[in-house]
Amino acid sequence: MWRDVVDQVILSEVFKSPSRSRDELLVAIVVAANSVPASSLCEAVYSAAAIRLDPSFEVVRTGDSDQSASSDTIYFATSRLALLQPRAMTAMELKSIARDCCLALHACDRRRAADILLLLRSVQLHDSLLVRFRGQAQAYLIATEQAIPDPYVSRSLQMAGHLS
Amino acid sequence: MTAVPHASTHIDAISLARGWILRNQDAFALPSIPINDSVLVAFKPIGELVLVSEKMLRTERDELWLKLLEWAWSEFERGDMILRVLTARPDLVVLSTIYASFARSGYTDNRLAGWLSYLEKTTSCSALEFPRWRKLDVEHAFASLNAVMLPKDCLNGTWFAAMPEPWLMTDDLAYATTHAVFYATDFGRYSDALPRRLHEYLGLWLPIWLQLSLEKENFDLYAEWLMVAAYSGHYAIYDEHSTQLLAHQRGDGAFPGPHDCEKDPESSSRISDFLTNYHTTLVSLLALQAQCLCNDPSAFGSEMGVLHR
């Protein structure tokens, strides 16, 4: 799963490796996030990841190509980008993101919710309702993660600093 | 897929739905049943009709609604039937809500009013164990009968007032929430009655709850959420979503009830269709009427006055 690979890279680059590696990755993912169409975004994330990964990545990429245009991909990529370089978001953007997170939680899609939560974690929220929601969502995801572990969710929460 | 709407405007849709109600008026009639727990179920369709007729008169000075109220009042034997039930079963005090609708429309009975006034003061009545939103329903009825306002903190103790995790919304909690807003705002008469924090909570999550109801094709809840949007002053949310309700009105004027609506296998197909769809059609009427508030937020704000028969 290419997401697992990218997550591993980011975890190691951001939290463990020298800043040089982190900057390299950052530049690549910034390019990714600026490519609005989902497919372009995904391509750029693949490229970013490929810089840091072994040649076998191409195999993973081919096998996972059907996901290239999904909105999940956008949240996956932008949340990790936001972790590296937080950007300001409008109140409307934040509300829209929180609503997407709510829908994901309602649908029991914890992986998507965790990606979105990571994005919400990267910004400073000034709206008390959004702060409240983020706290509720965090608590819910952590509790469900402890009850029914999922490595993907666990890693997202780990990135957000909620799990050691 | 969205169906092609039969009515292009809210007014046309209201007109179509009124036709369906008229054609099904006999199905709203009170059945002859013994006084027991099933009374509440038996009274529900006509009780809802009374409420909707009374509310529709806020904006439609139409003979139809007056005639339906007159007819329903005679079905209840001009209050006698409610009085008989309440003297036998004082715990069914929730029936005060039907009488409150009648009384607001000028249909009163001194003996029933006196009995209700006594019941309200009994220890039993104040200690009855209802869900909080249902208790608020009864408090709303008594406030109306006593011509007083509900207290500002009337929502305390409701699920909604706790601003819970929005993704944990269920159908039952949704109805608890919509009804809490109906009573607290007096069905849109006081759109600013909600505390600011709850107004904002609705503004953030109403679009999601509307979307979830639409995805489940639960137009009953969808209509109630639209009422909540308009009654709480979220007119942009109402405007953005109300056309979806129009799009799902049936050709005969009814609005389709929830798929999981209980059906009586012994009922005829006509009665079965009625029981499935009457509630959704009634609440859709109120939802469509609520468009008035988007044009004029004080549309329900002035006293309509007592209608003298």
# chains A, B, ... in the order shown; residues from 1 in each chain; ligands from 1
$ interface_residues --of "chain B" --to "chain A" --cutoff "12 Å" --atoms "only C-alpha atoms" --output "number ranges by chain"
B: 162-170, 196-212, 215
$ atom_distance --atom1 "CA of Ser124 (chain B)" --atom2 "CA of Leu136 (chain B)"
16.2 Å
$ closest_residue --among "A:Ser122, A:Ala114, A:Ser79, A:Leu94" --to "Ser154 (chain A)" --atoms "only C-alpha atoms"
A:Ala114
$ residues_around --residues "Asn295 (chain B)" --least-positions-apart "5" --cutoff "12 Å" --atoms "only C-alpha atoms" --output "PDB file with N, CA, C and O atoms, in the first residue's frame"
ATOM      1  N   ALA B 230     -35.150  26.776   9.108  1.00  0.00           N
ATOM      2  CA  ALA B 230     -35.907  28.021   8.989  1.00  0.00           C
ATOM      3  C   ALA B 230     -36.296  28.572  10.357  1.00  0.00           C
ATOM      4  O   ALA B 230     -36.182  29.775  10.603  1.00  0.00           O
ATOM      5  N   GLY B 233     -33.475  30.363  12.082  1.00  0.00           N
ATOM      6  CA  GLY B 233     -32.872  31.505  11.395  1.00  0.00           C
ATOM      7  C   GLY B 233     -31.733  31.159  10.455  1.00  0.00           C
ATOM      8  O   GLY B 233     -31.014  32.042  10.001  1.00  0.00           O
ATOM      9  N   TYR B 235     -31.466  30.625   7.260  1.00  0.00           N
ATOM     10  CA  TYR B 235     -32.241  30.700   6.017  1.00  0.00           C
ATOM     11  C   TYR B 235     -31.438  30.238   4.796  1.00  0.00           C
ATOM     12  O   TYR B 235     -32.006  29.660   3.871  1.00  0.00           O
ATOM     13  N   ALA B 236     -30.140  30.498   4.800  1.00  0.00           N
ATOM     14  CA  ALA B 236     -29.328  30.065   3.657  1.00  0.00           C
ATOM     15  C   ALA B 236     -29.317  28.542   3.556  1.00  0.00           C
ATOM     16  O   ALA B 236     -29.386  27.977   2.454  1.00  0.00           O
ATOM     17  N   TYR B 238     -31.667  26.570   4.636  1.00  0.00           N
ATOM     18  CA  TYR B 238     -33.009  26.200   4.171  1.00  0.00           C
ATOM     19  C   TYR B 238     -33.097  26.358   2.652  1.00  0.00           C
ATOM     20  O   TYR B 238     -33.540  25.438   1.944  1.00  0.00           O
ATOM     21  N   ASP B 239     -32.690  27.526   2.171  1.00  0.00           N
ATOM     22  CA  ASP B 239     -32.797  27.795   0.723  1.00  0.00           C
ATOM     23  C   ASP B 239     -32.011  26.788  -0.099  1.00  0.00           C
ATOM     24  O   ASP B 239     -32.453  26.350  -1.157  1.00  0.00           O
ATOM     25  N   GLN B 289     -44.018  25.659   4.122  1.00  0.00           N
ATOM     26  CA  GLN B 289     -44.531  26.935   4.638  1.00  0.00           C
ATOM     27  C   GLN B 289     -43.393  27.779   5.217  1.00  0.00           C
ATOM     28  O   GLN B 289     -43.433  29.009   5.152  1.00  0.00           O
ATOM     29  N   ALA B 290     -42.396  27.105   5.781  1.00  0.00           N
ATOM     30  CA  ALA B 290     -41.305  27.815   6.453  1.00  0.00           C
ATOM     31  C   ALA B 290     -40.520  28.717   5.513  1.00  0.00           C
ATOM     32  O   ALA B 290     -39.751  29.570   5.964  1.00  0.00           O
ATOM     33  N   PHE B 300     -44.024  34.657  11.223  1.00  0.00           N
ATOM     34  CA  PHE B 300     -44.823  33.958  12.240  1.00  0.00           C
ATOM     35  C   PHE B 300     -44.828  34.739  13.556  1.00  0.00           C
ATOM     36  O   PHE B 300     -45.360  34.270  14.554  1.00  0.00           O
TER      37      PHE B 300
END
$ atom_distance --atom1 "CA of Arg84 (chain B)" --atom2 "CA of Ala143 (chain B)"
22.5 Å
$ closest_residue --among "B:Ile82, B:Cys154, B:Leu92, B:Ala287" --to "Trp225 (chain B)" --atoms "only C-alpha atoms"
B:Ala287
$ residues_around --residues "Ala7 (chain B)" --least-positions-apart "5" --cutoff "8 Å" --atoms "only C-alpha atoms" --output "list in words"
Asp12, Ala13, Leu16, Leu246, Ala247 and Gln249 of chain B
$ decode --residues "region 111-140 of chain A" --atoms "N, CA, C and O atoms" --output "CSV table (one decimal), in the first residue's frame"
chain,number,residue,atom,x,y,z
A,111,ARG,N,-10.3,5.5,9.0
A,111,ARG,CA,-9.0,5.8,8.3
A,111,ARG,C,-9.1,7.2,7.7
A,111,ARG,O,-8.3,8.1,7.9
A,112,ARG,N,-10.2,7.4,7.0
A,112,ARG,CA,-10.4,8.8,6.4
A,112,ARG,C,-10.6,9.8,7.5
A,112,ARG,O,-10.0,10.9,7.4
A,113,ALA,N,-11.3,9.5,8.5
A,113,ALA,CA,-11.5,10.4,9.6
A,113,ALA,C,-10.2,10.8,10.3
A,113,ALA,O,-9.9,11.9,10.6
A,114,ALA,N,-9.3,9.8,10.4
A,114,ALA,CA,-8.0,10.0,11.0
A,114,ALA,C,-7.1,10.9,10.1
A,114,ALA,O,-6.4,11.8,10.6
A,115,ASP,N,-7.2,10.7,8.8
A,115,ASP,CA,-6.5,11.6,7.9
A,115,ASP,C,-7.0,13.0,8.0
A,115,ASP,O,-6.2,14.0,8.1
A,116,ILE,N,-8.3,13.2,8.1
A,116,ILE,CA,-8.8,14.6,8.2
A,116,ILE,C,-8.5,15.2,9.5
A,116,ILE,O,-8.2,16.4,9.6
A,117,LEU,N,-8.5,14.4,10.5
A,117,LEU,CA,-8.2,14.9,11.9
A,117,LEU,C,-6.8,15.4,11.9
A,117,LEU,O,-6.5,16.4,12.5
A,118,LEU,N,-5.9,14.7,11.2
A,118,LEU,CA,-4.5,15.1,11.2
A,118,LEU,C,-4.4,16.5,10.5
A,118,LEU,O,-3.6,17.3,11.0
A,119,LEU,N,-5.2,16.7,9.5
A,119,LEU,CA,-5.2,18.0,8.9
A,119,LEU,C,-5.8,19.1,9.9
A,119,LEU,O,-5.2,20.2,10.0
A,120,LEU,N,-6.8,18.8,10.6
A,120,LEU,CA,-7.4,19.7,11.5
A,120,LEU,C,-6.4,20.0,12.7
A,120,LEU,O,-6.4,21.0,13.3
A,121,ARG,N,-5.6,19.0,12.9
A,121,ARG,CA,-4.6,19.1,14.0
A,121,ARG,C,-3.5,20.1,13.7
A,121,ARG,O,-2.8,20.6,14.5
A,122,SER,N,-3.3,20.3,12.3
A,122,SER,CA,-2.2,21.0,11.9
A,122,SER,C,-2.4,22.5,11.9
A,122,SER,O,-1.5,23.3,11.7
A,123,VAL,N,-3.7,22.9,12.1
A,123,VAL,CA,-4.0,24.4,12.1
A,123,VAL,C,-4.4,24.8,13.5
A,123,VAL,O,-4.9,24.0,14.3
A,124,GLN,N,-4.3,26.1,13.7
A,124,GLN,CA,-4.7,26.7,14.9
A,124,GLN,C,-6.2,27.1,14.7
A,124,GLN,O,-6.5,27.9,13.8
A,125,LEU,N,-7.1,26.5,15.5
A,125,LEU,CA,-8.5,26.8,15.4
A,125,LEU,C,-8.9,27.9,16.3
A,125,LEU,O,-8.5,27.9,17.5
A,126,HIS,N,-9.7,28.8,15.8
A,126,HIS,CA,-10.2,29.9,16.7
A,126,HIS,C,-11.7,29.8,17.0
A,126,HIS,O,-12.2,30.4,17.8
A,127,ASP,N,-12.3,28.9,16.2
A,127,ASP,CA,-13.8,28.7,16.4
A,127,ASP,C,-14.0,27.7,17.5
A,127,ASP,O,-13.5,26.5,17.3
A,128,SER,N,-14.6,28.1,18.5
A,128,SER,CA,-14.8,27.2,19.7
A,128,SER,C,-15.5,25.9,19.3
A,128,SER,O,-15.3,24.8,19.9
A,129,LEU,N,-16.5,26.0,18.4
A,129,LEU,CA,-17.2,24.8,18.0
A,129,LEU,C,-16.3,23.8,17.3
A,129,LEU,O,-16.4,22.6,17.5
A,130,LEU,N,-15.4,24.3,16.5
A,130,LEU,CA,-14.5,23.4,15.8
A,130,LEU,C,-13.5,22.8,16.7
A,130,LEU,O,-13.1,21.7,16.6
A,131,VAL,N,-13.0,23.6,17.7
A,131,VAL,CA,-12.1,23.1,18.7
A,131,VAL,C,-12.8,22.0,19.5
A,131,VAL,O,-12.2,20.9,19.7
A,132,ARG,N,-14.1,22.2,19.8
A,132,ARG,CA,-14.9,21.2,20.5
A,132,ARG,C,-15.0,19.9,19.7
A,132,ARG,O,-14.8,18.8,20.2
A,133,PHE,N,-15.3,20.1,18.4
A,133,PHE,CA,-15.5,19.0,17.5
A,133,PHE,C,-14.1,18.2,17.4
A,133,PHE,O,-14.1,16.9,17.5
A,134,ARG,N,-13.0,18.9,17.2
A,134,ARG,CA,-11.8,18.2,17.1
A,134,ARG,C,-11.4,17.4,18.3
A,134,ARG,O,-11.0,16.3,18.2
A,135,GLY,N,-11.7,18.0,19.5
A,135,GLY,CA,-11.5,17.2,20.7
A,135,GLY,C,-12.4,16.0,20.8
A,135,GLY,O,-11.9,14.9,21.2
A,136,GLN,N,-13.6,16.1,20.4
A,136,GLN,CA,-14.5,15.0,20.4
A,136,GLN,C,-14.1,13.9,19.5
A,136,GLN,O,-14.1,12.7,19.8
A,137,ALA,N,-13.7,14.3,18.3
A,137,ALA,CA,-13.2,13.4,17.2
A,137,ALA,C,-12.0,12.7,17.7
A,137,ALA,O,-11.8,11.4,17.5
A,138,GLN,N,-11.0,13.4,18.3
A,138,GLN,CA,-9.8,12.8,18.7
A,138,GLN,C,-10.1,11.8,19.8
A,138,GLN,O,-9.6,10.6,19.7
A,139,ALA,N,-10.9,12.2,20.8
A,139,ALA,CA,-11.2,11.2,21.9
A,139,ALA,C,-11.9,10.0,21.3
A,139,ALA,O,-11.5,8.8,21.7
A,140,TYR,N,-12.7,10.1,20.3
A,140,TYR,CA,-13.5,9.0,19.8
A,140,TYR,C,-12.5,8.1,19.0
A,140,TYR,O,-12.5,6.9,19.2
